[in-house]
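Engineer: Contents of start.txt (compact mmCIF, N, CA and C atoms):
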# COMPACT_ATOMS: atom_id res chain seq x y z
N GLN O 28 18.00 -3.77 -5.68
CA GLN O 28 17.08 -2.72 -6.08
C GLN O 28 15.80 -3.34 -6.63
N VAL O 29 14.69 -2.63 -6.45
CA VAL O 29 13.41 -3.12 -6.94
C VAL O 29 12.65 -1.94 -7.54
N GLN O 30 11.96 -2.19 -8.63
CA GLN O 30 11.10 -1.17 -9.25
C GLN O 30 9.65 -1.58 -9.05
N LEU O 31 8.81 -0.60 -8.76
CA LEU O 31 7.42 -0.87 -8.40
C LEU O 31 6.47 -0.11 -9.31
N VAL O 32 5.43 -0.80 -9.76
CA VAL O 32 4.42 -0.18 -10.63
C VAL O 32 3.03 -0.52 -10.09
N GLU O 33 2.29 0.52 -9.68
CA GLU O 33 0.94 0.33 -9.16
C GLU O 33 -0.09 0.36 -10.28
N SER O 34 -1.21 -0.31 -10.04
CA SER O 34 -2.35 -0.27 -10.95
C SER O 34 -3.62 -0.57 -10.16
N GLY O 35 -4.75 -0.33 -10.80
CA GLY O 35 -6.02 -0.69 -10.19
C GLY O 35 -6.82 0.45 -9.61
N GLY O 36 -6.25 1.65 -9.60
CA GLY O 36 -7.00 2.79 -9.09
C GLY O 36 -8.15 3.15 -10.00
N GLY O 37 -9.01 4.04 -9.53
CA GLY O 37 -10.14 4.47 -10.33
C GLY O 37 -11.10 5.30 -9.52
N SER O 38 -12.27 5.54 -10.13
CA SER O 38 -13.31 6.33 -9.47
C SER O 38 -14.48 5.43 -9.14
N VAL O 39 -14.90 5.46 -7.89
CA VAL O 39 -16.01 4.64 -7.44
C VAL O 39 -16.91 5.47 -6.52
N GLN O 40 -18.11 4.98 -6.31
CA GLN O 40 -19.01 5.62 -5.36
C GLN O 40 -18.75 5.10 -3.96
N ALA O 41 -19.15 5.85 -2.97
CA ALA O 41 -19.01 5.44 -1.58
C ALA O 41 -19.66 4.07 -1.39
N GLY O 42 -18.96 3.22 -0.64
CA GLY O 42 -19.43 1.86 -0.43
C GLY O 42 -18.88 0.86 -1.44
N GLY O 43 -18.24 1.38 -2.47
CA GLY O 43 -17.71 0.52 -3.52
C GLY O 43 -16.40 -0.14 -3.13
N THR O 44 -15.86 -0.90 -4.08
CA THR O 44 -14.62 -1.64 -3.84
C THR O 44 -13.63 -1.41 -4.99
N LEU O 45 -12.37 -1.55 -4.66
CA LEU O 45 -11.28 -1.53 -5.64
C LEU O 45 -10.22 -2.51 -5.17
N ARG O 46 -9.42 -2.97 -6.11
CA ARG O 46 -8.27 -3.79 -5.76
C ARG O 46 -7.04 -3.20 -6.43
N LEU O 47 -6.12 -2.75 -5.62
CA LEU O 47 -4.87 -2.19 -6.13
C LEU O 47 -3.82 -3.30 -6.22
N SER O 48 -3.00 -3.19 -7.24
CA SER O 48 -1.89 -4.12 -7.42
C SER O 48 -0.59 -3.34 -7.53
N CYS O 49 0.48 -3.97 -7.13
CA CYS O 49 1.81 -3.37 -7.23
C CYS O 49 2.75 -4.45 -7.74
N ALA O 50 3.18 -4.31 -8.98
CA ALA O 50 4.08 -5.28 -9.59
C ALA O 50 5.52 -4.87 -9.34
N ALA O 51 6.32 -5.80 -8.86
CA ALA O 51 7.72 -5.52 -8.54
C ALA O 51 8.65 -6.24 -9.50
N SER O 52 9.69 -5.55 -9.89
CA SER O 52 10.70 -6.17 -10.74
C SER O 52 11.83 -6.72 -9.88
N GLY O 53 12.67 -7.56 -10.47
CA GLY O 53 13.81 -8.07 -9.73
C GLY O 53 13.49 -9.36 -8.99
N ASN O 54 14.54 -10.04 -8.54
CA ASN O 54 14.37 -11.33 -7.88
C ASN O 54 14.55 -11.25 -6.37
N THR O 55 14.48 -10.04 -5.83
CA THR O 55 14.64 -9.89 -4.38
C THR O 55 13.36 -9.41 -3.71
N TYR O 56 12.25 -9.43 -4.43
CA TYR O 56 10.99 -8.91 -3.91
C TYR O 56 10.63 -9.55 -2.58
N SER O 57 10.80 -10.86 -2.47
CA SER O 57 10.37 -11.56 -1.27
C SER O 57 11.15 -11.17 -0.03
N SER O 58 12.27 -10.49 -0.20
CA SER O 58 13.07 -10.08 0.95
C SER O 58 12.68 -8.71 1.48
N TYR O 59 11.74 -8.05 0.80
CA TYR O 59 11.34 -6.71 1.20
C TYR O 59 10.05 -6.70 2.00
N PHE O 60 10.04 -5.86 3.00
CA PHE O 60 8.82 -5.49 3.71
C PHE O 60 8.08 -4.56 2.75
N MET O 61 6.76 -4.73 2.63
CA MET O 61 6.00 -3.93 1.67
C MET O 61 4.91 -3.15 2.35
N GLY O 62 4.63 -1.98 1.80
CA GLY O 62 3.59 -1.15 2.38
C GLY O 62 2.80 -0.39 1.33
N TRP O 63 1.61 0.02 1.71
CA TRP O 63 0.77 0.92 0.92
C TRP O 63 0.63 2.23 1.70
N PHE O 64 0.77 3.31 0.98
CA PHE O 64 0.65 4.64 1.55
C PHE O 64 -0.29 5.46 0.68
N ARG O 65 -0.80 6.54 1.23
CA ARG O 65 -1.63 7.43 0.44
C ARG O 65 -1.32 8.87 0.78
N GLN O 66 -1.64 9.74 -0.18
CA GLN O 66 -1.28 11.15 0.00
C GLN O 66 -2.25 12.03 -0.77
N LEU O 67 -2.66 13.10 -0.13
CA LEU O 67 -3.44 14.15 -0.77
C LEU O 67 -2.51 15.31 -1.08
N PRO O 68 -2.81 16.10 -2.11
CA PRO O 68 -1.96 17.26 -2.43
C PRO O 68 -1.80 18.17 -1.23
N GLY O 69 -0.57 18.51 -0.92
CA GLY O 69 -0.29 19.42 0.18
C GLY O 69 -0.30 18.78 1.55
N LYS O 70 -0.52 17.48 1.59
CA LYS O 70 -0.54 16.79 2.88
C LYS O 70 0.57 15.75 2.94
N GLU O 71 0.88 15.33 4.14
CA GLU O 71 1.92 14.33 4.32
C GLU O 71 1.42 12.95 3.88
N ARG O 72 2.38 12.16 3.42
CA ARG O 72 2.06 10.79 3.04
C ARG O 72 1.79 9.99 4.30
N GLU O 73 0.71 9.20 4.30
CA GLU O 73 0.35 8.44 5.48
C GLU O 73 0.33 6.94 5.18
N GLY O 74 0.73 6.16 6.16
CA GLY O 74 0.72 4.72 6.01
C GLY O 74 -0.70 4.18 6.08
N VAL O 75 -1.00 3.26 5.18
CA VAL O 75 -2.31 2.64 5.13
C VAL O 75 -2.24 1.20 5.62
N ALA O 76 -1.30 0.44 5.06
CA ALA O 76 -1.17 -0.97 5.43
C ALA O 76 0.24 -1.43 5.09
N ALA O 77 0.70 -2.45 5.79
CA ALA O 77 2.02 -3.00 5.54
C ALA O 77 1.99 -4.50 5.79
N ILE O 78 2.98 -5.19 5.20
CA ILE O 78 3.01 -6.64 5.31
C ILE O 78 4.46 -7.11 5.37
N SER O 79 4.68 -8.11 6.19
CA SER O 79 6.04 -8.63 6.36
C SER O 79 6.48 -9.41 5.13
N THR O 80 7.74 -9.79 5.11
CA THR O 80 8.32 -10.42 3.92
C THR O 80 7.57 -11.69 3.51
N GLY O 81 7.21 -12.51 4.48
CA GLY O 81 6.52 -13.75 4.17
C GLY O 81 5.01 -13.63 4.19
N GLY O 82 4.52 -12.49 4.61
CA GLY O 82 3.08 -12.26 4.63
C GLY O 82 2.39 -12.66 5.92
N SER O 83 3.14 -13.11 6.90
CA SER O 83 2.50 -13.60 8.13
C SER O 83 2.05 -12.47 9.05
N SER O 84 2.64 -11.30 8.91
CA SER O 84 2.28 -10.16 9.76
C SER O 84 1.78 -9.01 8.90
N THR O 85 0.66 -8.44 9.31
CA THR O 85 0.11 -7.29 8.61
C THR O 85 -0.20 -6.18 9.60
N TYR O 86 -0.20 -4.96 9.09
CA TYR O 86 -0.38 -3.78 9.92
C TYR O 86 -1.31 -2.83 9.17
N TYR O 87 -2.21 -2.18 9.91
CA TYR O 87 -3.18 -1.29 9.29
C TYR O 87 -3.33 0.00 10.08
N ALA O 88 -3.56 1.07 9.36
CA ALA O 88 -3.96 2.30 10.01
C ALA O 88 -5.36 2.12 10.59
N ASP O 89 -5.61 2.78 11.70
CA ASP O 89 -6.93 2.64 12.35
C ASP O 89 -8.06 3.01 11.40
N SER O 90 -7.81 3.97 10.54
CA SER O 90 -8.87 4.47 9.65
C SER O 90 -9.32 3.45 8.60
N VAL O 91 -8.52 2.41 8.38
CA VAL O 91 -8.87 1.44 7.33
C VAL O 91 -9.07 0.03 7.86
N LYS O 92 -8.84 -0.17 9.14
CA LYS O 92 -8.99 -1.51 9.73
C LYS O 92 -10.40 -2.03 9.50
N GLY O 93 -10.48 -3.29 9.08
CA GLY O 93 -11.78 -3.90 8.81
C GLY O 93 -12.32 -3.61 7.43
N ARG O 94 -11.70 -2.68 6.69
CA ARG O 94 -12.18 -2.34 5.35
C ARG O 94 -11.14 -2.68 4.27
N PHE O 95 -9.88 -2.51 4.58
CA PHE O 95 -8.81 -2.78 3.62
C PHE O 95 -8.07 -4.05 4.02
N THR O 96 -7.57 -4.77 3.02
CA THR O 96 -6.78 -5.97 3.27
C THR O 96 -5.54 -5.97 2.38
N ILE O 97 -4.39 -6.09 3.01
CA ILE O 97 -3.13 -6.16 2.26
C ILE O 97 -2.72 -7.62 2.13
N SER O 98 -2.18 -7.97 0.98
CA SER O 98 -1.67 -9.32 0.76
C SER O 98 -0.54 -9.27 -0.26
N ARG O 99 0.20 -10.34 -0.34
CA ARG O 99 1.31 -10.38 -1.31
C ARG O 99 1.43 -11.79 -1.87
N ASP O 100 1.88 -11.86 -3.10
CA ASP O 100 2.16 -13.12 -3.77
C ASP O 100 3.62 -13.09 -4.17
N ASN O 101 4.46 -13.73 -3.40
CA ASN O 101 5.90 -13.66 -3.67
C ASN O 101 6.28 -14.43 -4.94
N ALA O 102 5.48 -15.40 -5.33
CA ALA O 102 5.76 -16.13 -6.57
C ALA O 102 5.52 -15.26 -7.78
N ARG O 103 4.61 -14.30 -7.66
CA ARG O 103 4.29 -13.39 -8.77
C ARG O 103 4.88 -12.00 -8.57
N ASN O 104 5.67 -11.82 -7.52
CA ASN O 104 6.27 -10.50 -7.26
C ASN O 104 5.22 -9.40 -7.24
N THR O 105 4.10 -9.65 -6.58
CA THR O 105 2.99 -8.70 -6.61
C THR O 105 2.43 -8.47 -5.21
N LEU O 106 2.14 -7.22 -4.95
CA LEU O 106 1.51 -6.78 -3.72
C LEU O 106 0.10 -6.32 -4.05
N TYR O 107 -0.84 -6.57 -3.14
CA TYR O 107 -2.23 -6.19 -3.36
C TYR O 107 -2.77 -5.38 -2.19
N LEU O 108 -3.78 -4.59 -2.49
CA LEU O 108 -4.56 -3.92 -1.45
C LEU O 108 -6.02 -3.97 -1.88
N GLN O 109 -6.81 -4.72 -1.13
CA GLN O 109 -8.24 -4.80 -1.37
C GLN O 109 -8.92 -3.70 -0.56
N LEU O 110 -9.65 -2.84 -1.26
CA LEU O 110 -10.32 -1.71 -0.62
C LEU O 110 -11.83 -1.95 -0.66
N ASN O 111 -12.43 -2.17 0.48
CA ASN O 111 -13.88 -2.38 0.58
C ASN O 111 -14.51 -1.23 1.36
N SER O 112 -15.82 -1.09 1.19
CA SER O 112 -16.57 -0.07 1.91
C SER O 112 -15.89 1.29 1.82
N LEU O 113 -15.55 1.68 0.63
CA LEU O 113 -14.80 2.92 0.43
C LEU O 113 -15.61 4.14 0.85
N LYS O 114 -14.89 5.11 1.37
CA LYS O 114 -15.48 6.37 1.83
C LYS O 114 -14.85 7.52 1.05
N PRO O 115 -15.53 8.65 0.94
CA PRO O 115 -14.94 9.80 0.26
C PRO O 115 -13.58 10.20 0.85
N GLU O 116 -13.41 10.02 2.14
CA GLU O 116 -12.13 10.38 2.76
C GLU O 116 -10.99 9.43 2.40
N ASP O 117 -11.29 8.36 1.69
CA ASP O 117 -10.23 7.47 1.19
C ASP O 117 -9.63 8.00 -0.12
N THR O 118 -10.21 9.03 -0.66
CA THR O 118 -9.71 9.61 -1.90
C THR O 118 -8.28 10.10 -1.72
N ALA O 119 -7.38 9.63 -2.56
CA ALA O 119 -5.96 10.00 -2.46
C ALA O 119 -5.19 9.30 -3.58
N MET O 120 -3.94 9.68 -3.72
CA MET O 120 -3.00 8.93 -4.55
C MET O 120 -2.44 7.82 -3.66
N TYR O 121 -2.47 6.61 -4.14
CA TYR O 121 -1.98 5.47 -3.37
C TYR O 121 -0.65 4.99 -3.94
N TYR O 122 0.31 4.78 -3.06
CA TYR O 122 1.65 4.35 -3.45
C TYR O 122 2.00 3.04 -2.76
N CYS O 123 2.72 2.18 -3.47
CA CYS O 123 3.31 1.04 -2.80
C CYS O 123 4.80 1.33 -2.59
N ALA O 124 5.35 0.68 -1.58
CA ALA O 124 6.74 0.92 -1.22
C ALA O 124 7.38 -0.35 -0.70
N ALA O 125 8.68 -0.42 -0.85
CA ALA O 125 9.46 -1.58 -0.39
C ALA O 125 10.57 -1.11 0.53
N GLY O 126 10.82 -1.89 1.57
CA GLY O 126 11.87 -1.52 2.51
C GLY O 126 12.44 -2.73 3.20
N PRO O 127 13.41 -2.51 4.07
CA PRO O 127 14.01 -3.60 4.83
C PRO O 127 13.01 -4.13 5.85
N PRO O 128 13.25 -5.30 6.39
CA PRO O 128 12.35 -5.83 7.42
C PRO O 128 12.17 -4.83 8.56
N LEU O 129 10.90 -4.62 8.93
CA LEU O 129 10.57 -3.60 9.91
C LEU O 129 9.81 -4.19 11.09
N SER O 130 9.82 -3.46 12.18
CA SER O 130 9.00 -3.82 13.32
C SER O 130 7.65 -3.14 13.19
N ALA O 131 6.76 -3.45 14.08
CA ALA O 131 5.45 -2.81 14.06
C ALA O 131 5.59 -1.30 14.20
N PHE O 132 6.64 -0.85 14.89
CA PHE O 132 6.84 0.57 15.09
C PHE O 132 7.05 1.30 13.78
N GLY O 133 7.80 0.69 12.86
CA GLY O 133 8.14 1.40 11.63
C GLY O 133 7.29 1.03 10.43
N ALA O 134 6.41 0.05 10.60
CA ALA O 134 5.71 -0.52 9.45
C ALA O 134 4.92 0.50 8.65
N LEU O 135 4.32 1.48 9.31
CA LEU O 135 3.48 2.45 8.61
C LEU O 135 4.13 3.83 8.51
N LYS O 136 5.42 3.87 8.70
CA LYS O 136 6.14 5.14 8.62
C LYS O 136 6.88 5.24 7.28
N PRO O 137 6.52 6.17 6.43
CA PRO O 137 7.11 6.23 5.08
C PRO O 137 8.63 6.40 5.08
N GLY O 138 9.18 7.02 6.10
CA GLY O 138 10.62 7.25 6.13
C GLY O 138 11.46 5.99 6.17
N TRP O 139 10.87 4.87 6.53
CA TRP O 139 11.63 3.64 6.64
C TRP O 139 11.71 2.89 5.30
N TYR O 140 10.95 3.33 4.30
CA TYR O 140 10.88 2.62 3.04
C TYR O 140 11.84 3.23 2.02
N LYS O 141 12.43 2.35 1.22
CA LYS O 141 13.51 2.80 0.32
C LYS O 141 13.04 3.00 -1.12
N TYR O 142 12.14 2.15 -1.59
CA TYR O 142 11.72 2.19 -2.99
C TYR O 142 10.23 2.48 -3.08
N TRP O 143 9.87 3.31 -4.06
CA TRP O 143 8.49 3.77 -4.20
C TRP O 143 8.03 3.64 -5.64
N GLY O 144 6.74 3.35 -5.80
CA GLY O 144 6.14 3.40 -7.12
C GLY O 144 5.67 4.80 -7.44
N GLN O 145 5.05 4.96 -8.61
CA GLN O 145 4.60 6.26 -9.09
C GLN O 145 3.21 6.62 -8.59
N GLY O 146 2.48 5.66 -8.09
CA GLY O 146 1.17 5.93 -7.52
C GLY O 146 0.03 5.63 -8.46
N THR O 147 -1.13 5.37 -7.87
CA THR O 147 -2.38 5.19 -8.62
C THR O 147 -3.48 5.92 -7.87
N GLN O 148 -4.31 6.66 -8.62
CA GLN O 148 -5.29 7.53 -8.00
C GLN O 148 -6.57 6.76 -7.65
N VAL O 149 -7.04 6.99 -6.44
CA VAL O 149 -8.34 6.45 -6.00
C VAL O 149 -9.23 7.63 -5.67
N THR O 150 -10.40 7.67 -6.29
CA THR O 150 -11.36 8.75 -6.05
C THR O 150 -12.70 8.13 -5.67
N VAL O 151 -13.20 8.54 -4.51
CA VAL O 151 -14.47 8.01 -4.01
C VAL O 151 -15.46 9.15 -3.90
N SER O 152 -16.56 9.03 -4.58
CA SER O 152 -17.58 10.08 -4.57
C SER O 152 -18.73 9.69 -3.65
N SER O 153 -19.35 10.70 -3.07
CA SER O 153 -20.45 10.45 -2.13
C SER O 153 -21.79 10.37 -2.85
Before anything else, please render the file you have as structure tokens.
Structural biologist:
Amino acid sequence: QVQLVESGGGSVQAGGTLRLSCAASGNTYSSYFMGWFRQLPGKEREGVAAISTGGSSTYYADSVKGRFTISRDNARNTLYLQLNSLKPEDTAMYYCAAGPPLSAFGALKPGWYKYWGQGTQVTVSS
């Protein structure tokens, strides 16, 4: 089992940057596939980015490719999401999640992930 705590959200203007962090408890973090998801009230949770256990493979939603970067530090049990060139449509609650090793097919699908954090709010104003 792993517990996840996100941080780093906030309010920024369009074009700004943020760096989200997700701290994981337990000594099995490195065995989990990790992902970032976002959700607006009343809408389905959508995959933003995901990363393999060792960090060699990453996956991005088309809407964030070239602007967001996912990374992980297995020595620090921490997952990151660098958000650049933010747009108002990036406004959402952002969640990190942990799951079993996944293929590219399942990497951005929330149903494949087992553990979730509480979320951190990102608000981008125009």
Engineer: Rank nothing, just name the residue among O:Ala102, O:Lys141, O:Ser34, O:Thr96 nearest to Arg46 of chain O, using only N, CA and C atoms.
Structural biologist: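 When distances to Arg46 of chain O are compared using only N, CA and C atoms, the smallest one comes from O:Ser34.
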Engineer: Taking into account all atoms listed in the file, which residue in the set O:Thr44, O:Ser83, O:Ser57, O:Thr150 is nearest to Asn104 of chain O?
Structural biologist: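 Checking each candidate against Asn104 of chain O, we get O:Ser57 as the closest.
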Engineer: Have a look at atom C of Tyr56 of chain O and atom CA of Thr80 of chain O and let me know their distance in Å, one decimal.
Structural biologist: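 For atom C of Tyr56 of chain O relative to atom CA of Thr80 of chain O, the distance reads 7.0 Å.
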Engineer: Using only N, CA and C atoms for the distances, tell me which of O:Lys92, O:Phe60, O:Tyr87, O:Met120 is nearest to Tyr140 of chain O.
Structural biologist: O:Phe60
Engineer: In Å, rounded to a single decimal, give me how far atom N of Thr147 of chain O is from atom N of Cys123 of chain O.
Structural biologist: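 That distance, rounded to one decimal, is 6.7 Å.
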Engineer: As a PyMOL selection string, please: every residue in chain O that a backbone DSSP assignment puts in strand (DSSP E).
Structural biologist: chain O and resi 31-34+37-40+45-51+60-66+73-78+85-87+95-100+105-110+119-126+142-143+147-152
Engineer: When you draw a straight line from atom CA of Ile78 of chain O to atom CA of Ala41 of chain O, how long is it in Å?
Structural biologist: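 Answer for the atom CA of Ile78 of chain O to atom CA of Ala41 of chain O separation: 26.0 Å.
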Engineer: Using all atoms listed in the file, pick whichever of O:Met61, O:Val91, O:Leu67, O:Val151 has the shortest atom-to-atom distance to Pro127 of chain O.
Structural biologist: O:Met61
Engineer: Pick out the closest residue to Leu45 of chain O from this set: O:Ser90, O:Asn111, O:Asn101, O:Arg65. Count only N, CA and C atoms.
Structural biologist: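 Among the listed residues, O:Asn111 lies closest to Leu45 of chain O.
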Engineer: Around all of segment 55-65 of chain O's listed atoms, make the axis-aligned box with 8 Å on each side and tell me centre and edge lengths in Å to one decimal, as lines of an AutoDock Vina configuration file.
Structural biologist:
center_x = 6.5
center_y = -1.3
center_z = -1.1
size_x = 32.3
size_y = 36.4
size_z = 25.5
Engineer: If I put a ball of radius 10 Å at (-18.2, -1.1, 2.9) in the file's coordinates, which residues poke into it when counting only C-alpha atoms, written as a compact mmCIF listing (two decimals) with N, CA and C atoms, in the coordinates of the input?
Structural biologist:
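Dumped everything to part_3.txt:
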# COMPACT_ATOMS: atom_id res chain seq x y z
N ALA O 41 -19.15 5.85 -2.97
CA ALA O 41 -19.01 5.44 -1.58
C ALA O 41 -19.66 4.07 -1.39
N GLY O 42 -18.96 3.22 -0.64
CA GLY O 42 -19.43 1.86 -0.43
C GLY O 42 -18.88 0.86 -1.44
N GLY O 43 -18.24 1.38 -2.47
CA GLY O 43 -17.71 0.52 -3.52
C GLY O 43 -16.40 -0.14 -3.13
N THR O 44 -15.86 -0.90 -4.08
CA THR O 44 -14.62 -1.64 -3.84
C THR O 44 -13.63 -1.41 -4.99
N GLY O 93 -10.48 -3.29 9.08
CA GLY O 93 -11.78 -3.90 8.81
C GLY O 93 -12.32 -3.61 7.43
N ARG O 94 -11.70 -2.68 6.69
CA ARG O 94 -12.18 -2.34 5.35
C ARG O 94 -11.14 -2.68 4.27
N PHE O 95 -9.88 -2.51 4.58
CA PHE O 95 -8.81 -2.78 3.62
C PHE O 95 -8.07 -4.05 4.02
N LEU O 110 -9.65 -2.84 -1.26
CA LEU O 110 -10.32 -1.71 -0.62
C LEU O 110 -11.83 -1.95 -0.66
N ASN O 111 -12.43 -2.17 0.48
CA ASN O 111 -13.88 -2.38 0.58
C ASN O 111 -14.51 -1.23 1.36
N SER O 112 -15.82 -1.09 1.19
CA SER O 112 -16.57 -0.07 1.91
C SER O 112 -15.89 1.29 1.82
N LEU O 113 -15.55 1.68 0.63
CA LEU O 113 -14.80 2.92 0.43
C LEU O 113 -15.61 4.14 0.85
N LYS O 114 -14.89 5.11 1.37
CA LYS O 114 -15.48 6.37 1.83
C LYS O 114 -14.85 7.52 1.05
Engineer: Between O:Ala50, O:Gly69, O:Leu31, O:Tyr142, which is the closest to Thr105 of chain O once you count all atoms listed in the file?
Structural biologist: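 Checking each of O:Ala50, O:Gly69, O:Leu31, O:Tyr142 against Thr105 of chain O, counting all atoms listed in the file, the winner is O:Ala50.
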Engineer: Would you list the residues near (-2.9, 0.2, -6.0), meaning any protein, DNA or RNA residue with an atom at most 7 Å from that point in file coordinates, counting all atoms listed in the file, as a PDB file with N, CA and C atoms, in the coordinates of the input?
Structural biologist:
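This went into point.pdb:
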ATOM      1  N   GLU O  33       2.290   0.520  -9.680  1.00  0.00           N
ATOM      2  CA  GLU O  33       0.940   0.330  -9.160  1.00  0.00           C
ATOM      3  C   GLU O  33      -0.090   0.360 -10.280  1.00  0.00           C
ATOM      4  N   SER O  34      -1.210  -0.310 -10.040  1.00  0.00           N
ATOM      5  CA  SER O  34      -2.350  -0.270 -10.950  1.00  0.00           C
ATOM      6  C   SER O  34      -3.620  -0.570 -10.160  1.00  0.00           C
ATOM      7  N   GLY O  35      -4.750  -0.330 -10.800  1.00  0.00           N
ATOM      8  CA  GLY O  35      -6.020  -0.690 -10.190  1.00  0.00           C
ATOM      9  C   GLY O  35      -6.820   0.450  -9.610  1.00  0.00           C
ATOM     10  N   GLY O  36      -6.250   1.650  -9.600  1.00  0.00           N
ATOM     11  CA  GLY O  36      -7.000   2.790  -9.090  1.00  0.00           C
ATOM     12  C   GLY O  36      -8.150   3.150 -10.000  1.00  0.00           C
ATOM     13  N   ARG O  46      -9.420  -2.970  -6.110  1.00  0.00           N
ATOM     14  CA  ARG O  46      -8.270  -3.790  -5.760  1.00  0.00           C
ATOM     15  C   ARG O  46      -7.040  -3.200  -6.430  1.00  0.00           C
ATOM     16  N   LEU O  47      -6.120  -2.750  -5.620  1.00  0.00           N
ATOM     17  CA  LEU O  47      -4.870  -2.190  -6.130  1.00  0.00           C
ATOM     18  C   LEU O  47      -3.820  -3.300  -6.220  1.00  0.00           C
ATOM     19  N   SER O  48      -3.000  -3.190  -7.240  1.00  0.00           N
ATOM     20  CA  SER O  48      -1.890  -4.120  -7.420  1.00  0.00           C
ATOM     21  C   SER O  48      -0.590  -3.340  -7.530  1.00  0.00           C
ATOM     22  N   CYS O  49       0.480  -3.970  -7.130  1.00  0.00           N
ATOM     23  CA  CYS O  49       1.810  -3.370  -7.230  1.00  0.00           C
ATOM     24  C   CYS O  49       2.750  -4.450  -7.740  1.00  0.00           C
ATOM     25  N   TYR O 107      -0.840  -6.570  -3.140  1.00  0.00           N
ATOM     26  CA  TYR O 107      -2.230  -6.190  -3.360  1.00  0.00           C
ATOM     27  C   TYR O 107      -2.770  -5.380  -2.190  1.00  0.00           C
ATOM     28  N   LEU O 108      -3.780  -4.590  -2.490  1.00  0.00           N
ATOM     29  CA  LEU O 108      -4.560  -3.920  -1.450  1.00  0.00           C
ATOM     30  C   LEU O 108      -6.020  -3.970  -1.880  1.00  0.00           C
ATOM     31  N   TYR O 121      -2.470   6.610  -4.140  1.00  0.00           N
ATOM     32  CA  TYR O 121      -1.980   5.470  -3.370  1.00  0.00           C
ATOM     33  C   TYR O 121      -0.650   4.990  -3.940  1.00  0.00           C
ATOM     34  N   TYR O 122       0.310   4.780  -3.060  1.00  0.00           N
ATOM     35  CA  TYR O 122       1.650   4.350  -3.450  1.00  0.00           C
ATOM     36  C   TYR O 122       2.000   3.040  -2.760  1.00  0.00           C
ATOM     37  N   CYS O 123       2.720   2.180  -3.470  1.00  0.00           N
ATOM     38  CA  CYS O 123       3.310   1.040  -2.800  1.00  0.00           C
ATOM     39  C   CYS O 123       4.800   1.330  -2.590  1.00  0.00           C
ATOM     40  N   GLY O 146       2.480   5.660  -8.090  1.00  0.00           N
ATOM     41  CA  GLY O 146       1.170   5.930  -7.520  1.00  0.00           C
ATOM     42  C   GLY O 146       0.030   5.630  -8.460  1.00  0.00           C
ATOM     43  N   THR O 147      -1.130   5.370  -7.870  1.00  0.00           N
ATOM     44  CA  THR O 147      -2.380   5.190  -8.620  1.00  0.00           C
ATOM     45  C   THR O 147      -3.480   5.920  -7.870  1.00  0.00           C
TER      46      THR O 147
END
Engineer: Could N, CA, C and O atoms be built for segment 136-145 of chain O and written out as an mmCIF file, in the coordinates of the input?
Structural biologist:
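Just written: part.cif:
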data_model
loop_
_atom_site.group_PDB
_atom_site.id
_atom_site.type_symbol
_atom_site.label_atom_id
_atom_site.label_comp_id
_atom_site.auth_asym_id
_atom_site.auth_seq_id
_atom_site.Cartn_x
_atom_site.Cartn_y
_atom_site.Cartn_z
ATOM 1 N N LYS O 136 5.420 3.870 8.700
ATOM 2 C CA LYS O 136 6.140 5.140 8.620
ATOM 3 C C LYS O 136 6.880 5.240 7.280
ATOM 4 O O LYS O 136 7.794 4.454 7.023
ATOM 5 N N PRO O 137 6.520 6.170 6.430
ATOM 6 C CA PRO O 137 7.110 6.230 5.080
ATOM 7 C C PRO O 137 8.630 6.400 5.080
ATOM 8 O O PRO O 137 9.303 5.946 4.149
ATOM 9 N N GLY O 138 9.180 7.020 6.100
ATOM 10 C CA GLY O 138 10.620 7.250 6.130
ATOM 11 C C GLY O 138 11.460 5.990 6.170
ATOM 12 O O GLY O 138 12.656 6.039 5.858
ATOM 13 N N TRP O 139 10.870 4.870 6.530
ATOM 14 C CA TRP O 139 11.630 3.640 6.640
ATOM 15 C C TRP O 139 11.710 2.890 5.300
ATOM 16 O O TRP O 139 12.435 1.910 5.190
ATOM 17 N N TYR O 140 10.950 3.330 4.300
ATOM 18 C CA TYR O 140 10.880 2.620 3.040
ATOM 19 C C TYR O 140 11.840 3.230 2.020
ATOM 20 O O TYR O 140 12.014 4.448 1.967
ATOM 21 N N LYS O 141 12.430 2.350 1.220
ATOM 22 C CA LYS O 141 13.510 2.800 0.320
ATOM 23 C C LYS O 141 13.040 3.000 -1.120
ATOM 24 O O LYS O 141 13.513 3.893 -1.802
ATOM 25 N N TYR O 142 12.140 2.150 -1.590
ATOM 26 C CA TYR O 142 11.720 2.190 -2.990
ATOM 27 C C TYR O 142 10.230 2.480 -3.080
ATOM 28 O O TYR O 142 9.447 1.952 -2.300
ATOM 29 N N TRP O 143 9.870 3.310 -4.060
ATOM 30 C CA TRP O 143 8.490 3.770 -4.200
ATOM 31 C C TRP O 143 8.030 3.640 -5.640
ATOM 32 O O TRP O 143 8.812 3.832 -6.578
ATOM 33 N N GLY O 144 6.740 3.350 -5.800
ATOM 34 C CA GLY O 144 6.140 3.400 -7.120
ATOM 35 C C GLY O 144 5.670 4.800 -7.440
ATOM 36 O O GLY O 144 5.840 5.722 -6.640
ATOM 37 N N GLN O 145 5.050 4.960 -8.610
ATOM 38 C CA GLN O 145 4.600 6.260 -9.090
ATOM 39 C C GLN O 145 3.210 6.620 -8.590
ATOM 40 O O GLN O 145 2.805 7.782 -8.680
#
